[in-house]
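Listing of model.txt, compact mmCIF, C-alpha atoms
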# COMPACT_ATOMS: atom_id res chain seq x y z
CA MET M 1 -20.66 154.01 -44.86
CA ASN M 2 -22.11 150.52 -44.69
CA LYS M 3 -23.19 149.84 -41.14
CA LEU M 4 -24.14 146.22 -41.70
CA ILE M 5 -22.22 143.54 -39.83
CA ALA M 6 -21.43 140.05 -41.14
CA CYS M 7 -22.68 137.70 -38.46
CA TYR M 8 -23.23 134.19 -39.82
CA ARG M 9 -22.19 131.84 -42.61
CA GLY M 10 -22.75 128.12 -42.86
CA ASN M 11 -25.04 125.50 -44.20
CA VAL M 12 -28.05 123.51 -43.05
CA ASN M 13 -27.22 120.10 -41.67
CA ALA M 14 -29.49 117.16 -42.46
CA TRP M 15 -30.09 116.55 -38.75
CA GLU M 16 -31.43 120.07 -38.31
CA CYS M 17 -34.44 119.35 -40.52
CA ASP M 18 -37.71 118.11 -39.08
CA GLN M 19 -40.59 115.99 -40.36
CA MET M 20 -41.71 118.92 -42.52
CA GLY M 21 -38.52 118.55 -44.54
CA HIS M 22 -37.17 121.96 -43.61
CA MET M 23 -34.85 123.39 -40.97
CA ASN M 24 -36.57 123.43 -37.60
CA VAL M 25 -37.16 126.78 -35.92
CA GLN M 26 -34.73 126.03 -33.08
CA PHE M 27 -31.86 125.88 -35.56
CA TYR M 28 -32.79 129.25 -37.02
CA MET M 29 -32.52 130.48 -33.45
CA ALA M 30 -29.14 128.78 -33.10
CA ARG M 31 -27.89 130.91 -36.00
CA GLY M 32 -29.50 133.97 -34.44
CA SER M 33 -27.77 133.32 -31.11
CA GLU M 34 -24.37 132.98 -32.74
CA ALA M 35 -24.98 136.09 -34.84
CA PHE M 36 -25.75 138.01 -31.65
CA GLY M 37 -22.14 137.40 -30.55
CA HIS M 38 -20.88 139.18 -33.67
CA PHE M 39 -23.41 141.97 -33.07
CA GLN M 40 -22.09 142.52 -29.55
CA ASN M 41 -18.49 142.46 -30.75
CA ALA M 42 -19.28 145.21 -33.28
CA LEU M 43 -20.50 147.33 -30.35
CA GLY M 44 -17.24 146.82 -28.49
CA LEU M 45 -18.45 143.95 -26.34
CA SER M 46 -15.85 141.40 -27.38
CA PRO M 47 -16.22 137.84 -26.09
CA ALA M 48 -13.10 138.30 -23.92
CA LEU M 49 -14.53 141.49 -22.41
CA ILE M 50 -17.87 139.83 -21.71
CA ARG M 51 -16.14 136.90 -20.02
CA ARG M 52 -13.98 139.25 -17.94
CA GLU M 53 -16.65 141.77 -16.95
CA LYS M 54 -19.52 139.26 -16.79
CA LYS M 55 -21.73 141.86 -18.39
CA GLY M 56 -23.21 142.05 -21.84
CA LEU M 57 -26.37 142.31 -23.86
CA ARG M 58 -29.39 140.14 -23.34
CA PHE M 59 -32.60 139.99 -25.35
CA LYS M 60 -35.54 141.89 -23.88
CA SER M 61 -37.88 141.07 -26.72
CA LEU M 62 -37.41 139.06 -29.88
CA ARG M 63 -39.47 138.92 -33.04
CA ILE M 64 -38.64 136.13 -35.47
CA GLN M 65 -40.27 136.09 -38.86
CA PHE M 66 -39.78 133.04 -41.05
CA LYS M 67 -39.80 134.15 -44.67
CA SER M 68 -38.80 131.07 -46.65
CA GLU M 69 -37.90 127.45 -46.06
CA VAL M 70 -34.34 126.18 -46.11
CA HIS M 71 -33.40 122.53 -46.43
CA ALA M 72 -30.50 120.17 -45.84
CA GLY M 73 -27.57 121.49 -47.82
CA SER M 74 -28.87 125.06 -48.09
CA VAL M 75 -26.07 127.60 -47.83
CA LEU M 76 -26.81 130.48 -45.47
CA HIS M 77 -25.32 133.81 -44.57
CA GLY M 78 -26.37 136.47 -42.08
CA ILE M 79 -26.08 140.19 -41.58
CA CYS M 80 -27.05 142.30 -38.61
CA GLY M 81 -27.28 145.95 -37.65
CA MET M 82 -28.54 148.60 -35.30
CA ARG M 83 -31.80 150.43 -35.78
CA GLU M 84 -32.04 152.78 -32.81
CA VAL M 85 -31.18 153.41 -29.18
CA VAL M 86 -34.14 154.36 -26.98
CA GLY M 87 -33.10 155.17 -23.43
CA ASP M 88 -31.13 152.16 -22.30
CA ILE M 89 -32.66 149.82 -24.85
CA LEU M 90 -30.99 148.85 -28.10
CA HIS M 91 -33.09 147.90 -31.10
CA GLY M 92 -31.28 145.77 -33.65
CA PHE M 93 -31.85 143.10 -36.25
CA ILE M 94 -30.34 139.95 -37.67
CA GLN M 95 -31.28 138.61 -41.08
CA LEU M 96 -30.52 135.16 -42.48
CA TYR M 97 -30.37 134.63 -46.23
CA ASP M 98 -30.56 131.54 -48.40
CA THR M 99 -27.30 132.41 -50.14
CA ALA M 100 -27.79 130.56 -53.42
CA PHE M 101 -31.00 132.46 -54.16
CA ASP M 102 -30.11 135.65 -52.27
CA ARG M 103 -33.48 135.11 -50.61
CA LEU M 104 -34.40 136.25 -47.12
CA SER M 105 -35.09 133.19 -44.99
CA ALA M 106 -35.59 134.59 -41.50
CA ILE M 107 -35.37 137.86 -39.65
CA PHE M 108 -34.80 138.56 -35.98
CA GLU M 109 -35.87 141.99 -34.74
CA PHE M 110 -34.85 142.46 -31.14
CA THR M 111 -34.52 144.80 -28.25
CA ALA M 112 -31.63 144.19 -25.90
CA VAL M 113 -30.48 145.53 -22.57
CA TYR M 114 -27.08 145.70 -20.90
CA THR M 115 -27.11 143.18 -18.09
CA ASP M 116 -24.98 141.97 -15.20
CA PHE M 117 -24.81 138.24 -15.90
CA VAL M 118 -24.15 137.39 -12.25
CA SER M 119 -26.84 139.46 -10.51
CA ASP M 120 -29.12 139.56 -13.60
CA ASP M 121 -29.66 143.26 -12.96
CA VAL M 122 -30.34 145.43 -15.99
CA LEU M 123 -27.76 148.22 -16.07
CA PRO M 124 -27.62 151.63 -17.73
CA LEU M 125 -25.78 151.61 -21.04
CA PRO M 126 -22.11 152.49 -20.45
CA ASP M 127 -21.05 155.51 -22.50
CA PRO M 128 -18.69 153.58 -24.83
CA LEU M 129 -21.44 151.08 -25.60
CA ARG M 130 -24.00 153.81 -26.16
CA ASP M 131 -21.59 155.69 -28.43
CA ALA M 132 -20.77 152.57 -30.44
CA ALA M 133 -24.46 151.67 -30.77
CA GLU M 134 -25.44 155.18 -31.85
CA SER M 135 -22.65 155.28 -34.41
CA LEU M 136 -24.05 152.11 -35.98
CA CYS M 137 -27.69 153.27 -35.96
CA ASP M 138 -29.16 153.57 -39.42
CA GLU M 139 -32.50 153.49 -41.20
CA HIS M 140 -31.11 150.71 -43.40
CA PRO M 141 -33.54 151.67 -46.18
CA ASP M 142 -32.47 148.75 -48.37
CA ILE M 143 -33.00 146.19 -45.63
CA TYR M 144 -36.37 144.54 -45.07
CA ARG M 145 -38.15 145.78 -41.97
CA PRO M 146 -41.28 143.94 -40.87
CA ALA M 147 -44.53 145.67 -40.13
CA PRO M 148 -45.39 145.69 -36.42
CA PHE M 149 -46.63 142.40 -35.02
CA VAL M 150 -50.42 142.57 -35.18
CA GLY M 151 -53.22 140.62 -33.54
CA THR M 152 -53.64 139.09 -30.14
CA LEU M 153 -50.47 138.80 -28.10
CA MET M 154 -49.96 136.23 -25.40
CA PRO M 155 -49.89 137.99 -22.04
CA SER M 156 -47.53 137.01 -19.24
CA THR M 157 -50.37 135.66 -17.15
CA SER M 158 -51.93 132.26 -16.72
CA LEU M 159 -55.16 131.76 -18.66
CA ASP M 160 -57.90 129.15 -18.60
CA HIS M 161 -57.52 126.33 -21.13
CA MET M 162 -53.75 126.51 -21.12
CA PHE M 163 -52.21 123.12 -20.51
CA GLU M 164 -48.82 121.68 -19.73
CA SER M 165 -46.97 121.04 -22.98
CA SER M 166 -43.51 120.35 -21.58
CA ARG M 167 -41.87 119.72 -18.21
CA SER M 168 -38.14 119.59 -17.82
CA SER M 169 -35.16 121.10 -16.11
CA VAL M 170 -32.49 123.23 -17.69
CA ASN M 171 -29.53 121.09 -18.60
CA VAL M 172 -25.90 122.20 -18.25
CA TRP M 173 -25.32 121.78 -21.99
CA GLU M 174 -28.19 124.11 -22.75
CA CYS M 175 -26.51 127.00 -20.95
CA ASP M 176 -23.89 129.62 -21.68
CA ILE M 177 -20.90 130.17 -19.42
CA PHE M 178 -23.05 132.32 -17.14
CA ASN M 179 -25.43 129.41 -16.59
CA HIS M 180 -28.31 130.94 -18.51
CA ILE M 181 -30.25 128.89 -21.02
CA ASP M 182 -29.50 129.71 -24.64
CA MET M 183 -32.53 130.91 -26.57
CA ARG M 184 -32.13 128.11 -29.14
CA TYR M 185 -33.26 125.59 -26.52
CA VAL M 186 -36.23 127.72 -25.49
CA VAL M 187 -37.37 127.77 -29.12
CA GLY M 188 -36.87 124.00 -29.12
CA TYR M 189 -39.34 123.73 -26.25
CA PHE M 190 -41.82 125.89 -28.18
CA SER M 191 -41.38 123.76 -31.28
CA ASP M 192 -42.08 120.54 -29.39
CA ALA M 193 -45.05 122.14 -27.65
CA ALA M 194 -46.67 122.92 -31.01
CA THR M 195 -47.23 119.20 -31.51
CA HIS M 196 -49.12 119.06 -28.22
CA VAL M 197 -51.31 122.06 -29.07
CA ILE M 198 -52.13 120.41 -32.39
CA GLY M 199 -52.96 117.22 -30.51
CA ALA M 200 -55.15 119.15 -28.09
CA VAL M 201 -57.37 120.36 -30.92
CA GLY M 202 -57.83 116.74 -31.98
CA LEU M 203 -55.44 116.37 -34.87
CA THR M 204 -53.31 113.22 -34.78
CA ARG M 205 -49.99 112.67 -36.52
CA ALA M 206 -51.49 109.84 -38.57
CA GLU M 207 -54.26 112.09 -39.83
CA ILE M 208 -51.79 114.88 -40.65
CA ARG M 209 -49.71 112.43 -42.69
CA ARG M 210 -52.81 111.02 -44.41
CA ARG M 211 -53.75 114.53 -45.56
CA ASN M 212 -50.16 115.25 -46.67
CA LEU M 213 -50.05 118.29 -44.44
CA GLY M 214 -47.21 120.11 -42.81
CA SER M 215 -47.27 123.00 -40.38
CA ALA M 216 -44.93 125.94 -40.23
CA ALA M 217 -44.28 128.84 -37.91
CA LEU M 218 -44.45 132.19 -39.67
CA ASP M 219 -43.92 134.65 -36.87
CA TYR M 220 -42.73 134.49 -33.25
CA TYR M 221 -42.92 137.29 -30.74
CA THR M 222 -41.18 136.67 -27.44
CA GLU M 223 -40.81 138.74 -24.29
CA PHE M 224 -38.27 137.88 -21.62
CA HIS M 225 -39.31 138.60 -18.05
CA ALA M 226 -36.72 136.74 -16.00
CA PRO M 227 -33.58 134.70 -16.63
CA VAL M 228 -33.85 130.93 -16.91
CA LYS M 229 -30.86 129.38 -15.21
CA MET M 230 -29.08 126.06 -15.13
CA SER M 231 -30.95 123.18 -13.45
CA ALA M 232 -34.08 125.26 -12.94
CA PRO M 233 -37.26 123.16 -13.01
CA ILE M 234 -39.39 124.50 -15.82
CA VAL M 235 -42.81 123.90 -17.22
CA LEU M 236 -44.29 125.19 -20.44
CA LYS M 237 -47.97 126.13 -20.49
CA SER M 238 -49.53 126.43 -23.91
CA GLY M 239 -52.84 127.04 -25.59
CA LEU M 240 -54.61 127.94 -28.81
CA ILE M 241 -55.11 131.69 -28.98
CA SER M 242 -57.17 131.62 -32.18
CA ALA M 243 -57.61 129.79 -35.49
CA GLU M 244 -59.12 131.48 -38.50
CA ARG M 245 -58.94 130.78 -42.22
CA LYS M 246 -55.27 129.85 -42.82
CA ILE M 247 -53.72 131.15 -39.63
CA PHE M 248 -53.42 129.64 -36.18
CA ARG M 249 -52.01 131.44 -33.21
CA PHE M 250 -50.47 129.64 -30.21
CA GLY M 251 -49.47 131.10 -26.86
CA HIS M 252 -46.73 129.79 -24.57
CA ASN M 253 -45.64 130.74 -21.08
CA LEU M 254 -42.39 129.26 -19.81
CA VAL M 255 -42.57 129.06 -16.03
CA ASP M 256 -39.64 128.74 -13.64
CA LEU M 257 -41.08 126.43 -11.00
CA ASP M 258 -38.51 127.48 -8.40
CA SER M 259 -39.80 131.04 -8.41
CA GLY M 260 -43.24 130.34 -9.80
CA LYS M 261 -42.71 133.21 -12.20
CA ILE M 262 -43.37 133.31 -15.92
CA ALA M 263 -39.92 133.80 -17.42
CA VAL M 264 -40.67 133.82 -21.13
CA THR M 265 -43.87 134.59 -23.02
CA THR M 266 -44.28 133.78 -26.70
CA THR M 267 -46.93 134.20 -29.35
CA VAL M 268 -46.58 131.98 -32.41
CA VAL M 269 -48.37 132.60 -35.69
CA GLY M 270 -48.38 129.70 -38.12
CA CYS M 271 -50.10 127.92 -40.95
CA TYR M 272 -50.60 124.57 -42.62
CA PHE M 273 -49.23 123.73 -46.02
CA ASP M 274 -49.42 121.01 -48.64
CA MET M 275 -46.25 118.95 -48.21
CA THR M 276 -45.94 118.39 -51.97
CA LEU M 277 -46.84 121.82 -53.29
CA ARG M 278 -45.24 123.65 -50.33
CA LYS M 279 -48.17 126.09 -50.44
CA SER M 280 -50.36 127.16 -47.54
CA VAL M 281 -53.84 125.63 -47.26
CA PRO M 282 -56.91 126.42 -45.12
CA LEU M 283 -56.62 125.25 -41.54
CA PRO M 284 -57.76 121.67 -40.88
CA GLU M 285 -61.34 121.46 -39.66
CA GLU M 286 -60.14 120.28 -36.25
CA PHE M 287 -58.84 123.81 -35.73
CA THR M 288 -61.86 125.63 -37.08
CA ASN M 289 -64.24 123.32 -35.19
CA TYR M 290 -62.37 123.76 -31.92
CA PRO M 291 -64.75 125.51 -29.49
CA LYS M 292 -64.15 129.23 -29.61
CA GLU M 293 -64.85 129.53 -25.91
CA LYS M 294 -61.59 127.65 -25.38
CA TRP M 295 -59.58 130.11 -27.44
CA LEU M 296 -57.24 132.08 -25.23
CA ALA M 297 -58.23 135.12 -27.29
CA THR M 298 -61.66 135.12 -25.65
CA GLN M 299 -60.02 135.94 -22.32
CA LEU M 300 -57.97 138.83 -23.66
CA MET V 1 -4.98 139.08 -55.15
CA SER V 2 -5.73 136.45 -52.54
CA GLY V 3 -8.42 133.98 -53.43
CA TYR V 4 -9.50 133.30 -49.87
CA ALA V 5 -13.28 133.53 -49.38
CA GLU V 6 -15.33 133.39 -46.21
CA THR V 7 -16.91 129.96 -45.86
CA TYR V 8 -18.10 129.94 -42.25
CA ARG V 9 -18.97 132.40 -39.48
CA GLY V 10 -20.34 131.62 -36.04
CA GLN V 11 -19.62 131.38 -32.35
CA VAL V 12 -18.29 128.89 -29.80
CA LEU V 13 -20.93 127.38 -27.52
CA ALA V 14 -20.21 126.69 -23.87
CA SER V 15 -21.29 123.10 -24.51
CA GLU V 16 -18.49 122.72 -27.09
CA CYS V 17 -15.82 123.36 -24.50
CA ASN V 18 -14.20 120.54 -22.57
CA PHE V 19 -12.78 120.30 -19.06
CA LEU V 20 -9.69 122.15 -20.23
CA GLY V 21 -11.87 125.18 -20.74
CA HIS V 22 -11.46 125.47 -24.49
CA MET V 23 -13.31 124.26 -27.56
CA ASN V 24 -12.77 120.58 -28.12
CA ILE V 25 -11.11 119.53 -31.39
CA GLN V 26 -14.22 117.75 -32.70
CA PHE V 27 -15.95 121.10 -33.02
CA TYR V 28 -13.14 122.55 -35.14
CA ALA V 29 -13.96 119.74 -37.57
CA ALA V 30 -17.61 120.78 -37.55
CA ARG V 31 -16.58 124.24 -38.74
CA VAL V 32 -14.41 122.71 -41.45
CA SER V 33 -17.45 120.77 -42.59
CA HIS V 34 -19.38 124.03 -43.00
CA ALA V 35 -16.43 125.43 -44.93
CA ILE V 36 -16.43 122.55 -47.42
CA TRP V 37 -20.11 123.15 -48.16
CA GLY V 38 -19.47 126.86 -48.50
CA MET V 39 -16.64 126.30 -50.98
CA SER V 40 -18.75 123.73 -52.86
CA TYR V 41 -21.30 126.42 -53.49
CA LEU V 42 -18.71 129.02 -54.42
CA ILE V 43 -17.02 126.87 -57.06
CA GLY V 44 -20.33 126.13 -58.70
CA ILE V 45 -21.51 122.77 -57.49
CA SER V 46 -25.16 123.42 -58.08
CA VAL V 47 -27.75 123.86 -55.37
CA GLU V 48 -29.62 120.94 -56.91
CA GLU V 49 -26.54 118.75 -56.60
CA ILE V 50 -25.82 119.87 -53.06
CA LYS V 51 -29.37 119.75 -51.70
CA GLY V 52 -30.27 116.65 -53.65
CA GLY V 53 -27.22 114.83 -52.37
CA LYS V 54 -26.12 114.04 -55.95
CA LYS V 55 -22.55 115.26 -56.05
CA ALA V 56 -20.40 116.80 -53.38
CA LEU V 57 -16.91 117.55 -52.23
CA VAL V 58 -15.76 114.98 -49.71
CA SER V 59 -12.67 115.18 -47.60
CA VAL V 60 -10.10 112.45 -48.25
CA ARG V 61 -7.13 113.88 -46.37
CA GLN V 62 -6.64 116.62 -43.79
CA GLU V 63 -3.67 118.09 -41.98
CA ILE V 64 -4.47 120.39 -39.09
CA ASP V 65 -2.44 122.87 -37.05
CA PHE V 66 -4.11 124.13 -33.90
CA ARG V 67 -2.56 127.52 -33.22
CA GLY V 68 -4.75 129.10 -30.57
CA GLU V 69 -7.44 128.31 -28.08
CA LEU V 70 -11.09 129.20 -28.49
CA MET V 71 -13.22 129.82 -25.44
CA ALA V 72 -16.98 129.79 -24.91
CA GLY V 73 -18.53 132.81 -26.54
CA ASP V 74 -15.65 133.48 -28.91
CA ILE V 75 -16.75 134.57 -32.37
CA LEU V 76 -15.00 133.08 -35.35
CA HIS V 77 -14.96 132.80 -39.10
CA MET V 78 -13.27 130.58 -41.67
CA GLU V 79 -11.54 131.60 -44.87
CA THR V 80 -10.91 129.04 -47.57
CA GLY V 81 -8.74 129.12 -50.66
CA VAL V 82 -7.71 126.57 -53.29
CA LEU V 83 -4.04 125.61 -53.41
CA LYS V 84 -4.18 123.30 -56.41
CA THR V 85 -6.40 121.03 -58.44
CA ALA V 86 -6.03 117.59 -59.95
CA ASN V 87 -8.34 115.61 -62.22
CA LYS V 88 -10.84 114.66 -59.51
CA THR V 89 -9.61 116.54 -56.47
CA LEU V 90 -8.71 119.95 -55.19
CA THR V 91 -6.56 120.98 -52.28
CA LEU V 92 -8.21 123.46 -49.94
CA HIS V 93 -6.58 125.65 -47.35
CA ASN V 94 -8.92 126.59 -44.51
CA ARG V 95 -7.95 129.06 -41.84
CA LEU V 96 -10.15 129.58 -38.81
CA ILE V 97 -9.93 133.08 -37.38
CA ASN V 98 -10.98 134.53 -34.05
CA SER V 99 -13.17 137.35 -35.40
CA ALA V 100 -12.61 139.57 -32.37
CA THR V 101 -8.80 139.42 -32.46
CA ASP V 102 -8.06 138.43 -36.09
CA ASP V 103 -5.78 135.69 -34.76
CA ILE V 104 -5.61 132.54 -36.87
CA VAL V 105 -6.47 129.76 -34.44
CA MET V 106 -6.41 126.78 -36.80
CA VAL V 107 -5.25 126.01 -40.29
CA ASN V 108 -6.44 122.97 -42.15
CA GLU V 109 -5.08 121.73 -45.45
CA MET V 110 -7.43 119.30 -47.09
CA ILE V 111 -7.61 117.23 -50.23
CA ALA V 112 -11.27 117.07 -51.27
CA ALA V 113 -12.60 114.76 -53.97
CA TYR V 114 -15.58 115.53 -56.16
CA MET V 115 -17.83 112.53 -55.56
CA ASP V 116 -20.83 111.17 -57.42
CA VAL V 117 -23.03 110.09 -54.52
CA SER V 118 -24.92 107.47 -56.53
CA THR V 119 -21.76 105.54 -57.52
CA ARG V 120 -19.75 106.60 -54.42
CA LYS V 121 -16.84 107.27 -56.79
CA ALA V 122 -14.77 110.38 -57.40
CA VAL V 123 -15.47 112.01 -60.76
CA PRO V 124 -13.54 114.64 -62.73
CA LEU V 125 -14.00 118.28 -61.86
CA THR V 126 -16.13 119.94 -64.54
CA PRO V 127 -14.82 122.73 -66.80
CA ALA V 128 -17.29 125.14 -65.15
CA MET V 129 -15.96 124.25 -61.71
CA ARG V 130 -12.38 124.72 -62.90
CA SER V 131 -13.29 128.13 -64.22
CA ASN V 132 -14.85 129.15 -60.91
CA ILE V 133 -11.95 127.72 -58.94
CA GLU V 134 -9.66 130.24 -60.61
CA ASN V 135 -11.29 132.94 -58.45
CA PHE V 136 -10.24 131.18 -55.27
CA MET V 137 -6.67 130.14 -56.08
CA ILE V 138 -4.05 130.99 -53.49
CA THR V 139 -0.30 130.51 -53.48
CA ARG V 140 1.65 128.29 -51.13
CA GLU V 141 3.25 131.44 -49.71
CA GLU V 142 -0.17 132.79 -48.72
CA ALA V 143 -1.19 129.54 -47.05
CA ILE V 144 0.57 130.03 -43.77
Write-out of the structure in structure tokens:
Amino acid sequence: MNKLIACYRGNVNAWECDQMGHMNVQFYMARGSEAFGHFQNALGLSPALIRREKKGLRFKSLRIQFKSEVHAGSVLHGICGMREVVGDILHGFIQLYDTAFDRLSAIFEFTAVYTDFVSDDVLPLPDPLRDAAESLCDEHPDIYRPAPFVGTLMPSTSLDHMFESSRSSVNVWECDIFNHIDMRYVVGYFSDAATHVIGAVGLTRAEIRRRNLGSAALDYYTEFHAPVKMSAPIVLKSGLISAERKIFRFGHNLVDLDSGKIAVTTTVVGCYFDMTLRKSVPLPEEFTNYPKEKWLATQL
Amino acid sequence: MSGYAETYRGQVLASECNFLGHMNIQFYAARVSHAIWGMSYLIGISVEEIKGGKKALVSVRQEIDFRGELMAGDILHMETGVLKTANKTLTLHNRLINSATDDIVMVNEMIAAYMDVSTRKAVPLTPAMRSNIENFMITREEAI
């Protein structure tokens, strides 16, 4: 029995592509968010039930791996499935494909917990949900499964040499009906913050254009510590974790200024590429010359 | 056998809902837009043509029946079939379905022209496209 669930189909809009000429990470996340609705429905959590009960699944951790670029006009489809149930935590995945080439474009590996959307309390899995999840669990041997995320992870603590890369408040239109920010907008904050980290190492946009360079995220690992709710004042603190050979690593902490707590922690692994050849290149010297004592990795 | 094929799948955002509490009509159109691109690919308009903005299906007429409400969080998908073809156009039938209930919430009948983007003129459907379209033909009786 095939336990895969159809969860997305559409195309890439021109306005979802950034200066690198490919779909920006936040719009991958938009697809992932919508796919998560189909995932929940397959487990018996229909949208109507979620609205009525005000309970449903919420990400606890989220790994996003970007496997290949997609561009304006690309046709996409998505599948999702369950991997395992551990205690009260569900482990599932969503995969987005570039349909025309049957090529994997992005994967989302996540853990999720059953949550009261009013109190934000994490709840035990109800028996029907547990049963449905377990019935969908599978090794999925034919489906790509990423190796564990390796290297330095951003901790949910403040570190020296982190700086403010964004300051905002959560807008109504960024929220779901339970007044929680949708993850697509959080990824949008991370995406914008990357420009500021790049600027902090001394690389200007003009110089990036002169060298015909683009940058791309390869891997995100995110942990959710607290909900981010409508109109909350938020600040994003970011820093360079490390930069070696072709790979840079950024760290972000999204802070809810009302509570003073770090709500979301993310580690981003990325690279630079030649905008014409679309091939990765060694990191610009501004990265490799950046003082190692300022790397967040030295504090970890 | 029905020629309907899935051309869109997604979810309703809270921000797409208006003060009446349901998804505003402009966002139905956004889903239809996805469906056109999906059908373009299925009938063999090449990736190079689509991504290069060289040739595309463009909507020249639409008739829409809204049959059910969609609320924030609802999951949905679109099925599209081809009712008929002409020299430069084809008539598509799109039906938007609430994926959780299987209710059809919107049907959209559309005449789409095959357009050369450089001349901004409709051009004849190619023999290869006509061959592919055969796989997606539906009858008027099915298009309800």
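For the pair CA of Ala297 in chain M and CA of Lys279 in chain M, the interatomic distance is 26.8 Å.
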9 Å contacts from chain M to chain V using only C-alpha atoms, as a ChimeraX atom specification: /M:6-13,31,33-35,37-38,41-42,46-48,50-51,71-78,100,172-177
Top pick for closest residue to Thr126 in chain V, considering V:Tyr28, V:Ile45, V:Ile97, V:Gln62 and counting all atoms listed in the file: V:Ile45
Residue nearest Ser59 in chain V among V:Asn135, V:Asn108, V:Gln26, V:Ser118 (counting all atoms listed in the file): V:Asn108
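Between CA of Phe149 in chain M and CA of His91 in chain M the interatomic distance comes to 15.1 Å.
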Two-atom distance - CA of Glu142 in chain V, CA of Ala113 in chain V (Å): 22.5 Å
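Minimum atom-to-atom distances from M:Lys261, M:Arg83, M:Lys60, M:Arg210 to Leu136 in chain M were compared using all atoms listed in the file, and the lowest value belongs to M:Arg83.
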Expected residue set, 12 Å radius at (-38.0, 140.5, -44.7), all atoms listed in the file, as number ranges by chain: M: 63-68, 93-97, 102-109, 142-147, 218-219
Nearby residues (only C-alpha atoms) at most 12 Å from Thr298 in chain M, same-chain spacing under 3 positions excluded, as an MDAnalysis selection string: chainID M and resid 152 154 159:161 239:243 291:295
